[in-house]
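For reference, entry_35.cif (mmCIF, C-alpha atoms):
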```
data_structure
#
loop_
_atom_site.label_atom_id
_atom_site.label_comp_id
_atom_site.auth_asym_id
_atom_site.auth_seq_id
_atom_site.Cartn_x
_atom_site.Cartn_y
_atom_site.Cartn_z
CA MET A 1 -9.41 73.58 -16.94
CA THR A 2 -8.39 70.00 -17.46
CA ARG A 3 -4.98 69.11 -16.26
CA VAL A 4 -2.86 66.95 -18.50
CA THR A 5 -2.88 63.46 -17.12
CA THR A 6 0.09 61.23 -17.10
CA THR A 7 -0.37 58.56 -14.48
CA TRP A 8 -3.29 56.64 -15.92
CA THR A 9 -1.46 55.06 -18.86
CA THR A 10 0.90 53.25 -16.57
CA ARG A 11 -2.01 51.53 -14.85
CA GLY A 12 -3.35 48.17 -15.95
CA THR A 13 -7.09 47.79 -15.91
CA THR A 14 -9.77 50.32 -16.78
CA SER A 15 -10.73 50.48 -13.11
CA ASP A 16 -7.17 51.35 -12.09
CA ALA A 17 -6.93 54.03 -14.79
CA LEU A 18 -10.24 55.44 -13.64
CA GLY A 19 -9.08 55.59 -10.05
CA ALA A 20 -5.95 57.51 -11.08
CA LEU A 21 -8.00 59.95 -13.17
CA ALA A 22 -10.47 60.46 -10.34
CA ALA A 23 -7.64 61.28 -7.95
CA GLU A 24 -6.51 63.99 -10.37
CA GLY A 25 -10.04 65.39 -10.67
CA ALA A 26 -9.83 64.82 -14.43
CA THR A 27 -12.49 65.69 -17.01
CA GLY A 28 -12.72 63.71 -20.24
CA ALA A 29 -13.51 60.34 -21.76
CA LEU A 30 -11.66 57.12 -20.90
CA SER A 31 -12.01 54.43 -23.55
CA GLY A 32 -11.76 50.84 -22.44
CA GLU A 33 -12.06 47.63 -24.41
CA ARG A 34 -15.79 47.48 -23.78
CA GLY A 35 -16.94 51.07 -23.62
CA ILE A 36 -16.29 54.64 -22.60
CA VAL A 37 -16.45 56.31 -19.20
CA TYR A 38 -17.04 60.08 -19.13
CA LEU A 39 -15.60 61.96 -16.20
CA SER A 40 -16.25 65.46 -15.00
CA ALA A 41 -14.03 66.84 -12.24
CA GLY A 42 -13.09 63.30 -11.26
CA ARG A 43 -16.66 61.99 -11.02
CA VAL A 44 -18.40 59.65 -13.42
CA VAL A 45 -21.11 61.49 -15.38
CA HIS A 46 -21.86 58.90 -18.06
CA VAL A 47 -20.81 55.45 -19.27
CA GLU A 48 -21.64 53.87 -22.58
CA SER A 49 -20.98 50.40 -23.88
CA ALA A 50 -22.05 48.53 -27.01
CA PHE A 51 -23.10 45.68 -24.69
CA THR A 52 -25.97 47.66 -23.18
CA PRO A 53 -28.84 49.62 -24.72
CA ASP A 54 -28.30 53.34 -24.22
CA LEU A 55 -30.56 55.75 -22.40
CA GLY A 56 -32.41 56.69 -25.60
CA ALA A 57 -33.27 53.06 -26.33
CA LEU A 58 -34.50 52.49 -22.79
CA LEU A 59 -36.64 55.63 -22.73
CA THR A 60 -38.16 55.19 -26.17
CA HIS A 61 -38.69 51.41 -26.07
CA SER A 62 -40.39 51.64 -22.68
CA GLY A 63 -42.72 54.30 -24.03
CA ALA A 64 -41.58 56.81 -21.42
CA VAL A 65 -40.56 59.24 -24.19
CA PRO A 66 -41.88 59.05 -27.77
CA PRO A 67 -39.04 58.58 -30.32
CA ASP A 68 -39.86 61.97 -31.88
CA GLY A 69 -39.49 63.61 -28.50
CA TRP A 70 -36.15 61.93 -27.90
CA TRP A 71 -34.74 62.97 -31.28
CA ASP A 72 -36.09 66.47 -30.87
CA ALA A 73 -34.19 66.74 -27.59
CA VAL A 74 -31.04 65.30 -29.24
CA ASP A 75 -31.36 67.78 -32.14
CA ARG A 76 -31.90 70.80 -29.98
CA GLY A 77 -29.73 69.91 -27.03
CA GLY A 78 -26.99 67.77 -28.62
CA THR A 79 -24.63 70.48 -29.75
CA GLU A 80 -24.84 72.21 -26.38
CA HIS A 81 -24.42 68.91 -24.50
CA ARG A 82 -27.77 69.45 -22.81
CA VAL A 83 -30.00 66.66 -24.12
CA GLY A 84 -30.98 65.61 -20.61
CA HIS A 85 -32.01 69.12 -19.64
CA ARG A 86 -33.95 69.43 -22.89
CA LEU A 87 -36.03 66.36 -22.10
CA VAL A 88 -36.93 67.72 -18.69
CA ASP A 89 -37.43 71.36 -19.73
CA SER A 90 -39.76 70.37 -22.54
CA GLY A 91 -41.90 68.52 -20.00
CA ARG A 92 -41.37 65.09 -21.59
CA LEU A 93 -39.87 63.52 -18.51
CA ALA A 94 -39.73 64.26 -14.79
CA ALA A 95 -36.22 65.15 -13.63
CA GLY A 96 -36.29 62.32 -11.09
CA ALA A 97 -37.33 59.80 -13.71
CA LEU A 98 -34.47 60.93 -15.98
CA GLU A 99 -31.96 60.57 -13.15
CA VAL A 100 -33.20 57.14 -12.19
CA CYS A 101 -33.12 55.93 -15.78
CA HIS A 102 -29.72 57.53 -16.40
CA LEU A 103 -28.21 55.95 -13.28
CA GLY A 104 -29.60 52.61 -14.38
CA ALA A 105 -27.96 52.94 -17.81
CA LEU A 106 -24.72 54.23 -16.26
CA PHE A 107 -24.26 51.31 -13.85
CA ASP A 108 -25.34 48.82 -16.54
CA ALA A 109 -22.67 50.04 -18.95
CA ALA A 110 -20.10 50.35 -16.15
CA TYR A 111 -20.50 46.65 -15.36
CA PHE A 112 -19.25 45.76 -18.83
CA VAL A 113 -16.49 48.36 -18.91
CA LEU A 114 -15.14 47.75 -15.41
CA ALA A 115 -16.14 44.39 -14.00
CA HIS A 116 -13.94 42.13 -16.09
CA ASP A 117 -10.55 43.77 -15.67
CA THR A 118 -10.27 44.81 -19.28
CA ARG A 119 -7.58 47.28 -20.31
CA ALA A 120 -7.89 51.01 -20.71
CA ARG A 121 -7.12 52.26 -24.21
CA ARG A 122 -6.90 56.02 -24.18
CA PHE A 123 -8.06 59.13 -22.42
CA ARG A 124 -9.38 62.16 -24.25
CA PRO A 125 -9.03 65.12 -21.87
CA GLY A 126 -11.91 67.56 -21.93
CA ALA A 127 -14.29 65.31 -23.92
CA VAL A 128 -17.91 65.84 -22.86
CA HIS A 129 -20.89 63.59 -23.54
CA TRP A 130 -23.80 65.05 -25.53
CA LEU A 131 -26.30 63.99 -22.89
CA GLY A 132 -24.98 66.66 -20.54
CA PRO A 133 -24.90 66.64 -16.77
CA VAL A 134 -27.59 64.51 -15.14
CA ARG A 135 -26.14 63.08 -11.97
CA ALA A 136 -22.49 62.46 -11.18
CA VAL A 137 -21.35 59.41 -9.22
CA PRO A 138 -18.01 58.98 -7.41
CA VAL A 139 -15.62 56.65 -9.22
CA ASP A 140 -15.15 54.31 -6.27
CA VAL A 141 -18.92 53.77 -6.03
CA VAL A 142 -19.08 52.81 -9.72
CA VAL A 143 -16.06 50.50 -9.49
CA ARG A 144 -17.32 48.85 -6.29
CA GLU A 145 -20.82 48.34 -7.66
CA SER A 146 -19.49 46.82 -10.90
CA GLY A 147 -17.47 44.27 -8.94
CA ARG A 148 -20.39 43.52 -6.67
CA ARG A 149 -22.66 42.91 -9.66
CA ARG A 150 -20.09 40.57 -11.19
CA ASP A 151 -20.01 38.56 -7.96
CA LEU A 152 -23.81 38.48 -7.70
CA LEU A 153 -24.12 37.25 -11.29
CA ASP A 154 -21.37 34.65 -10.82
CA ARG A 155 -23.18 33.35 -7.75
CA ILE A 156 -26.23 32.65 -9.91
CA TRP A 157 -24.30 31.01 -12.75
CA PRO A 158 -20.57 31.51 -13.26
CA ASP A 159 -20.48 31.89 -17.03
CA PRO A 160 -19.72 35.44 -18.22
CA ALA A 161 -20.22 34.33 -21.84
CA VAL A 162 -23.97 34.67 -21.22
CA ASP A 163 -23.49 38.43 -20.89
CA THR A 164 -22.03 39.04 -24.32
CA LEU A 165 -22.54 36.15 -26.78
CA PRO A 166 -25.69 35.39 -28.79
CA LEU A 167 -27.97 33.19 -26.71
CA ALA A 168 -29.85 30.05 -27.67
CA ARG A 169 -32.42 27.86 -25.97
CA VAL A 170 -31.29 24.42 -24.94
CA PRO A 171 -33.22 21.98 -27.14
CA GLY A 172 -35.67 19.76 -25.32
CA ALA A 173 -35.65 21.69 -22.04
CA GLY A 174 -39.09 22.18 -20.54
CA THR A 175 -40.16 25.77 -20.01
CA ALA A 176 -43.20 25.30 -17.82
CA GLU A 177 -44.12 27.68 -15.02
CA LEU A 178 -41.54 30.40 -15.25
CA PRO A 179 -42.18 33.58 -13.29
CA GLY A 180 -43.26 36.60 -15.35
CA ARG A 181 -40.06 38.41 -16.17
CA ARG A 182 -38.02 35.26 -16.65
CA GLY A 183 -40.65 33.93 -19.06
CA ARG A 184 -40.65 37.17 -21.05
CA THR A 185 -36.85 37.08 -21.17
CA LEU A 186 -36.79 33.47 -22.38
CA ALA A 187 -39.30 34.34 -25.10
CA GLN A 188 -36.71 36.72 -26.58
CA VAL A 189 -33.93 34.12 -26.75
CA ASP A 190 -33.69 33.12 -30.42
CA GLY A 191 -30.13 31.95 -31.05
CA VAL A 192 -29.15 35.29 -32.56
CA ARG A 193 -29.74 38.02 -30.02
CA THR A 194 -27.35 38.94 -27.24
CA ALA A 195 -28.29 39.99 -23.72
CA ALA A 196 -28.06 43.66 -24.76
CA GLU A 197 -30.47 43.15 -27.64
CA ILE A 198 -32.86 41.25 -25.41
CA ALA A 199 -32.72 44.01 -22.80
CA SER A 200 -33.36 46.59 -25.48
CA ALA A 201 -36.34 44.66 -26.87
CA LEU A 202 -37.83 44.33 -23.38
CA ALA A 203 -36.95 47.96 -22.52
CA CYS A 204 -35.51 46.49 -19.36
CA ARG A 205 -32.22 47.42 -17.79
CA THR A 206 -29.38 45.13 -18.77
CA TYR A 207 -28.36 44.01 -15.29
CA HIS A 208 -31.92 42.86 -14.54
CA THR A 209 -31.93 41.02 -17.86
CA LEU A 210 -28.54 39.44 -17.10
CA VAL A 211 -29.87 38.19 -13.76
CA GLU A 212 -32.80 36.50 -15.50
CA LEU A 213 -30.59 35.10 -18.27
CA ARG A 214 -28.07 33.65 -15.82
CA ARG A 215 -30.95 32.08 -13.88
CA LEU A 216 -32.24 30.59 -17.12
CA ALA A 217 -28.71 29.31 -17.82
CA ALA A 218 -28.50 27.85 -14.32
CA ASP A 219 -31.83 26.11 -14.92
CA GLY A 220 -30.40 24.59 -18.10
CA LEU A 221 -32.81 26.45 -20.38
CA VAL A 222 -30.43 28.84 -22.10
CA ARG A 223 -26.79 28.71 -23.12
CA ALA A 224 -24.39 30.97 -24.93
CA ALA A 225 -24.62 30.00 -28.58
CA PRO A 226 -21.40 28.46 -29.88
CA PRO A 227 -19.54 30.88 -32.15
CA ALA A 228 -20.95 29.16 -35.22
CA ALA A 229 -19.52 29.71 -38.65
CA PRO A 230 -21.26 32.72 -40.18
CA PRO A 231 -24.33 31.48 -42.05
CA LEU A 232 -23.55 33.61 -45.11
CA PRO A 233 -20.12 34.40 -46.50
CA ALA A 234 -21.32 37.97 -46.81
CA GLY A 235 -19.08 40.15 -44.71
CA PRO A 236 -15.55 39.76 -43.46
CA GLU A 237 -16.89 40.21 -39.89
CA PRO A 238 -19.11 37.59 -38.26
CA ARG A 239 -22.02 39.18 -36.45
CA ALA A 240 -20.61 39.75 -33.03
CA VAL A 241 -20.73 42.87 -30.96
CA VAL A 242 -17.10 43.72 -30.46
CA TRP A 243 -16.07 47.00 -28.97
CA ASP A 244 -12.71 47.34 -30.56
CA ASP A 245 -12.62 50.84 -31.96
CA PRO A 246 -12.20 53.65 -29.45
CA ASP A 247 -14.22 55.92 -31.71
CA THR A 248 -17.20 53.61 -32.15
CA ALA A 249 -19.20 55.92 -29.92
CA LEU A 250 -18.50 58.83 -32.22
CA LEU A 251 -19.45 56.78 -35.27
CA ARG A 252 -22.65 55.66 -33.60
CA ARG A 253 -23.50 59.23 -32.72
CA LEU A 254 -22.90 60.27 -36.33
CA ARG A 255 -25.08 57.47 -37.60
CA ASP A 256 -27.81 58.37 -35.13
CA ALA A 257 -27.64 62.02 -36.13
CA LEU A 258 -27.83 61.13 -39.83
CA GLU A 259 -30.78 58.83 -39.24
CA ALA A 260 -32.51 61.59 -37.37
CA LEU A 261 -32.29 64.01 -40.32
CA MET B 1 -40.68 67.95 -11.99
CA ALA B 2 -38.72 67.05 -8.91
CA ASN B 3 -35.32 65.44 -9.26
CA LEU B 4 -34.04 62.56 -7.17
CA GLU B 5 -32.49 64.82 -4.57
CA THR B 6 -35.66 66.89 -4.09
CA SER B 7 -37.85 63.78 -4.01
CA LEU B 8 -35.77 62.35 -1.19
CA LYS B 9 -35.76 65.70 0.61
CA GLU B 10 -39.51 65.87 0.24
CA CYS B 11 -39.79 62.46 1.90
CA LEU B 12 -37.90 63.69 4.96
CA GLY B 13 -39.39 67.18 4.94
CA SER B 14 -43.06 66.56 4.30
CA ILE B 15 -43.62 63.19 5.97
CA ASP B 16 -44.00 63.51 9.75
CA GLY B 17 -41.58 61.38 11.71
CA ALA B 18 -39.42 60.42 8.70
CA THR B 19 -35.76 60.02 9.69
CA ALA B 20 -34.17 58.33 6.68
CA VAL B 21 -35.02 57.45 3.11
CA ALA B 22 -33.38 55.55 0.26
CA LEU B 23 -34.19 54.68 -3.33
CA VAL B 24 -32.99 51.13 -3.91
CA ASP B 25 -32.59 48.85 -6.92
CA TYR B 26 -33.83 45.49 -5.63
CA THR B 27 -32.20 43.38 -8.30
CA SER B 28 -28.72 44.49 -7.31
CA GLY B 29 -29.38 45.86 -3.81
CA MET B 30 -27.71 49.15 -4.71
CA ALA B 31 -28.99 52.43 -3.27
CA LEU B 32 -29.37 54.97 -6.09
CA GLY B 33 -29.89 57.75 -3.58
CA THR B 34 -30.03 58.10 0.21
CA LEU B 35 -30.86 60.85 2.67
CA GLY B 36 -30.84 60.95 6.46
CA GLY B 37 -29.68 58.01 8.48
CA GLY B 38 -26.39 58.84 10.16
CA LYS B 39 -23.76 56.92 12.00
CA ASP B 40 -26.16 54.79 14.06
CA PHE B 41 -28.26 53.92 11.02
CA ASN B 42 -26.31 52.82 7.93
CA LEU B 43 -28.68 53.26 5.02
CA GLU B 44 -26.49 51.33 2.58
CA VAL B 45 -26.67 48.28 4.81
CA ALA B 46 -30.41 48.78 5.29
CA ALA B 47 -30.88 49.07 1.51
CA ALA B 48 -29.03 45.83 0.83
CA GLY B 49 -30.82 43.99 3.65
CA ASN B 50 -34.28 45.14 2.70
CA THR B 51 -33.60 44.07 -0.85
CA ASP B 52 -33.64 40.52 0.54
CA VAL B 53 -37.02 41.22 2.15
CA VAL B 54 -38.50 42.41 -1.14
CA ARG B 55 -36.98 39.60 -3.18
CA SER B 56 -38.10 36.99 -0.72
CA LYS B 57 -41.67 38.30 -0.77
CA LEU B 58 -41.68 38.40 -4.56
CA ARG B 59 -40.36 34.83 -4.69
CA THR B 60 -43.01 33.66 -2.26
CA MET B 61 -45.67 35.23 -4.43
CA GLU B 62 -44.21 33.44 -7.45
CA HIS B 63 -44.32 30.11 -5.60
CA LEU B 64 -47.91 30.77 -4.60
CA GLY B 65 -48.77 31.64 -8.17
CA LEU B 66 -50.09 35.06 -7.19
CA LYS B 67 -50.25 37.38 -10.19
CA ASP B 68 -50.73 40.43 -7.98
CA GLU B 69 -48.15 43.15 -7.36
CA ILE B 70 -46.69 44.44 -4.11
CA GLU B 71 -47.71 48.02 -3.45
CA ASP B 72 -45.91 48.46 -0.15
CA ILE B 73 -44.49 46.50 2.78
CA LEU B 74 -44.73 47.72 6.37
CA ILE B 75 -42.35 46.53 9.08
CA THR B 76 -43.23 47.58 12.60
CA LEU B 77 -40.50 47.79 15.23
CA ASN B 78 -40.99 48.92 18.82
CA THR B 79 -39.98 52.49 18.06
CA GLN B 80 -39.84 52.66 14.26
CA TYR B 81 -41.85 51.92 11.18
CA HIS B 82 -40.04 50.83 8.03
CA LEU B 83 -42.07 51.40 4.91
CA ILE B 84 -41.04 49.86 1.59
CA ARG B 85 -42.82 51.11 -1.49
CA LEU B 86 -42.21 49.47 -4.87
CA LEU B 87 -42.08 51.74 -7.89
CA LYS B 88 -44.22 50.54 -10.71
CA GLY B 89 -42.69 52.17 -13.83
CA ARG B 90 -43.69 50.79 -17.20
CA GLY B 91 -40.33 49.12 -17.71
CA GLY B 92 -40.78 47.15 -14.48
CA ASN B 93 -37.85 49.11 -13.24
CA GLY B 94 -37.21 47.12 -10.08
CA LEU B 95 -36.86 49.97 -7.60
CA PHE B 96 -38.26 50.62 -4.16
CA LEU B 97 -38.41 53.57 -1.82
CA TYR B 98 -37.38 52.70 1.70
CA LEU B 99 -38.60 55.04 4.42
CA VAL B 100 -37.74 54.94 8.13
CA LEU B 101 -40.26 56.59 10.47
CA ASP B 102 -40.15 57.37 14.16
CA SER B 103 -43.31 55.61 15.33
CA SER B 104 -44.06 58.14 18.08
CA ARG B 105 -44.31 60.99 15.57
CA ALA B 106 -45.50 59.25 12.42
CA ASN B 107 -48.93 59.12 10.85
CA LEU B 108 -48.86 55.93 8.81
CA ALA B 109 -51.83 56.64 6.58
CA MET B 110 -50.48 60.08 5.75
CA ALA B 111 -46.98 58.70 5.15
CA ARG B 112 -48.29 56.13 2.67
CA HIS B 113 -50.31 58.77 0.89
CA LEU B 114 -47.39 61.21 0.57
CA LEU B 115 -45.00 58.47 -0.50
CA ARG B 116 -47.35 57.54 -3.33
CA ARG B 117 -47.28 61.15 -4.50
CA ILE B 118 -43.50 61.46 -4.32
CA GLU B 119 -43.15 58.20 -6.23
CA ALA B 120 -44.93 59.69 -9.25
CA ASP B 121 -41.93 61.93 -10.02
CA LEU B 122 -39.50 59.03 -10.11
CA GLU B 123 -41.35 56.59 -12.32
CA VAL B 124 -40.14 55.84 -15.80
#
```
Please, can you express the file's structure as structure tokens?
Amino acid sequence: MTRVTTTWTTRGTTSDALGALAAEGATGALSGERGIVYLSAGRVVHVESAFTPDLGALLTHSGAVPPDGWWDAVDRGGTEHRVGHRLVDSGRLAAGALEVCHLGALFDAAYFVLAHDTRARRFRPGAVHWLGPVRAVPVDVVVRESGRRRDLLDRIWPDPAVDTLPLARVPGAGTAELPGRRGRTLAQVDGVRTAAEIASALACRTYHTLVELRRLAADGLVRAAPPAAPPLPAGPEPRAVVWDDPDTALLRRLRDALEAL
Amino acid sequence: MANLETSLKECLGSIDGATAVALVDYTSGMALGTLGGGKDFNLEVAAAGNTDVVRSKLRTMEHLGLKDEIEDILITLNTQYHLIRLLKGRGGNGLFLYLVLDSSRANLAMARHLLRRIEADLEV
């Protein structure tokens, strides 16, 4: 049973709301400005954000799970909220590997949802994520880690715009002798892609990519691209990843399901 | 098909002399899972500190232009061995297993061998 929650709405930031919900042992989905945190009995079971590639993207782009295998697991396990179990039961992925990858995606998304003191929007009691239970993490651990990551990133280069805006190379900057991962990250910077898209292309977790991107920014090789006028007067929306609709996750899931048909 | 919990338990259960183990993300220094330790050995602190060891070694290798990879790092104390094993996963997943061994009871060669086997269940 999920108790009806009342205290969270009076709290300011998403982190505060999450703390209140954890204290109540709540189950459901808390939408913030930058993503959604899924709770089960007051513990964080999943976090998703449009600023980070999701677990499916990480697993399929890295080659750990073939795309067919991923979609098969989503098809068969999605309605029962057991996609994670499906992947393991079908022998596509070791349980430990799933947990490690899931925790990576969870903390990556949590950084965006929690680290920048954005506001909580709404809480849907009883909402469950289709991935199903993988590994639950206490709320205070997630909140603490998000803050710690923000501080670590700011120590490298204090410009949070690098995390979310399209990134461009600084013209004329030399790029000689970069260590492996930083070089591969720089190669993906094209003036259009954001950190999330670069992480997805590299099949690398977002925080690791952010570390490399902030180092590149500190070295004067990369900067957040200015919000240029949209090149084509095509759509009313310039191409920017904005998490403004609490139900974006639902829409994305629908789209994914339709694509998988 | 061991999960994280069982992999960590296997480290303590099957490796002679093992007293504590952690799986650590060395980009952030966060421990994804810990087992053992206790009040006189704070694994969270050890995880964060040993992250600096790994990073510093990786940076040194970068400066030296070595294209090789670290398989493991052994730190020998008077009464303990600390073994750090980097996971290799295809995505370059930036994790290491950190194992604390009681040196009077441990068999290093065996510990390294078993750790390599346990690692296979955690790689992505």
Which residues are close to Leu66 (chain B), i.e. within 12 Å by only C-alpha atoms, leaving aside same-chain residues fewer than 5 positions away? Reply as a PDB file with C-alpha atoms, in the frame of the given file.
```pdb
ATOM      1  CA  PRO A 179     -42.180  33.580 -13.290  1.00  0.00           C
ATOM      2  CA  GLY A 180     -43.260  36.600 -15.350  1.00  0.00           C
TER       3      GLY A 180
ATOM      4  CA  LYS B  57     -41.670  38.300  -0.770  1.00  0.00           C
ATOM      5  CA  LEU B  58     -41.680  38.400  -4.560  1.00  0.00           C
ATOM      6  CA  ARG B  59     -40.360  34.830  -4.690  1.00  0.00           C
ATOM      7  CA  THR B  60     -43.010  33.660  -2.260  1.00  0.00           C
ATOM      8  CA  MET B  61     -45.670  35.230  -4.430  1.00  0.00           C
TER       9      MET B  61
END
```
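Nearest-residue note for Gly29 (chain B): choosing from A:Glu48, A:Asp140, A:Glu145, A:Asp89, the minimum distance belongs to A:Glu145, counting all atoms listed in the file.
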Skip Leu178 (chain A) itself and residues of its chain fewer than 2 positions away, then list as a PyMOL selection string all residues within 12 Å of it, counting all atoms listed in the file. (chain A and resi 174-176+180-187+212+215-216+219+221) or (chain B and resi 59+62-63+65)
Run the PyMOL selection byres ((chain A) within 9 of (chain B)) on the file and write out the hits as a PyMOL selection string. chain A and resi 58-59+61-64+88+91+93-101+103-104+145+148-149+152+178-181+202-205+207-208+211
From the list B:Thr19, B:Ser14, B:Asn50, B:Thr34, which residue is nearest Ser104 (chain B) when using only C-alpha atoms?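 Of the candidates, the smallest distance to Ser104 (chain B) is held by B:Thr19.
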Calculate how many Å separate CA of Arg124 (chain A) from CA of Thr27 (chain A), rounding to one decimal. 8.6 Å
What do you get, as a ChimeraX atom specification, if you spell out every residue that the PyMOL selection byres ((chain B and resi 98) around 6) selects here? /B:21-22,83-84,97,99
Suppose a student applies the PyMOL selection byres ((chain A and resi 29-40) around 10) to this structure; what residues should they get, written as a ChimeraX atom specification? /A:2,8,13-15,17-18,21-22,25-28,41-52,106,109-114,116-129,133,136-139,241-249
Six-sided padding of 5 Å per side, axis-aligned box over region 98-105 of chain A, centre and edges in Å, one decimal, as lines of an AutoDock Vina configuration file:
```
center_x = -31.2
center_y = 56.8
center_z = -15.0
size_x = 16.5
size_y = 18.3
size_z = 15.6
```
Counting all atoms listed in the file, which residues sit no farther than 10 Å from the position (-43.3, 49.7, 13.0) in the file's frame? I'd like them as JSON, numbers by chain. {"B": [74, 75, 76, 77, 78, 79, 80, 81, 82, 83, 100, 101, 102, 103, 104, 106, 108]}
Given the point (-37.6, 67.7, -23.7) in the coordinates of this file, which residues lie within 9 Å, counting only C-alpha atoms, and how would they look as an mmCIF file with C-alpha atoms, keeping the file's coordinate frame?
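Now in selection-v6.cif:
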```cif
data_model
loop_
_atom_site.group_PDB
_atom_site.id
_atom_site.type_symbol
_atom_site.label_atom_id
_atom_site.label_comp_id
_atom_site.auth_asym_id
_atom_site.auth_seq_id
_atom_site.Cartn_x
_atom_site.Cartn_y
_atom_site.Cartn_z
ATOM 1 C CA VAL A 65 -40.560 59.240 -24.190
ATOM 2 C CA GLY A 69 -39.490 63.610 -28.500
ATOM 3 C CA TRP A 70 -36.150 61.930 -27.900
ATOM 4 C CA ASP A 72 -36.090 66.470 -30.870
ATOM 5 C CA ALA A 73 -34.190 66.740 -27.590
ATOM 6 C CA VAL A 74 -31.040 65.300 -29.240
ATOM 7 C CA GLY A 77 -29.730 69.910 -27.030
ATOM 8 C CA VAL A 83 -30.000 66.660 -24.120
ATOM 9 C CA GLY A 84 -30.980 65.610 -20.610
ATOM 10 C CA HIS A 85 -32.010 69.120 -19.640
ATOM 11 C CA ARG A 86 -33.950 69.430 -22.890
ATOM 12 C CA LEU A 87 -36.030 66.360 -22.100
ATOM 13 C CA VAL A 88 -36.930 67.720 -18.690
ATOM 14 C CA ASP A 89 -37.430 71.360 -19.730
ATOM 15 C CA SER A 90 -39.760 70.370 -22.540
ATOM 16 C CA GLY A 91 -41.900 68.520 -20.000
ATOM 17 C CA ARG A 92 -41.370 65.090 -21.590
ATOM 18 C CA LEU A 93 -39.870 63.520 -18.510
#
```
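For the pair CA of Glu44 (chain B) and CA of Val24 (chain B), the interatomic distance is 9.2 Å.
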Kindly give the distance, in Å, that separates CA of Ala46 (chain B) and CA of Leu55 (chain A), rounded to a single decimal.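 Result for CA of Ala46 (chain B) versus CA of Leu55 (chain A): 28.6 Å, one decimal.
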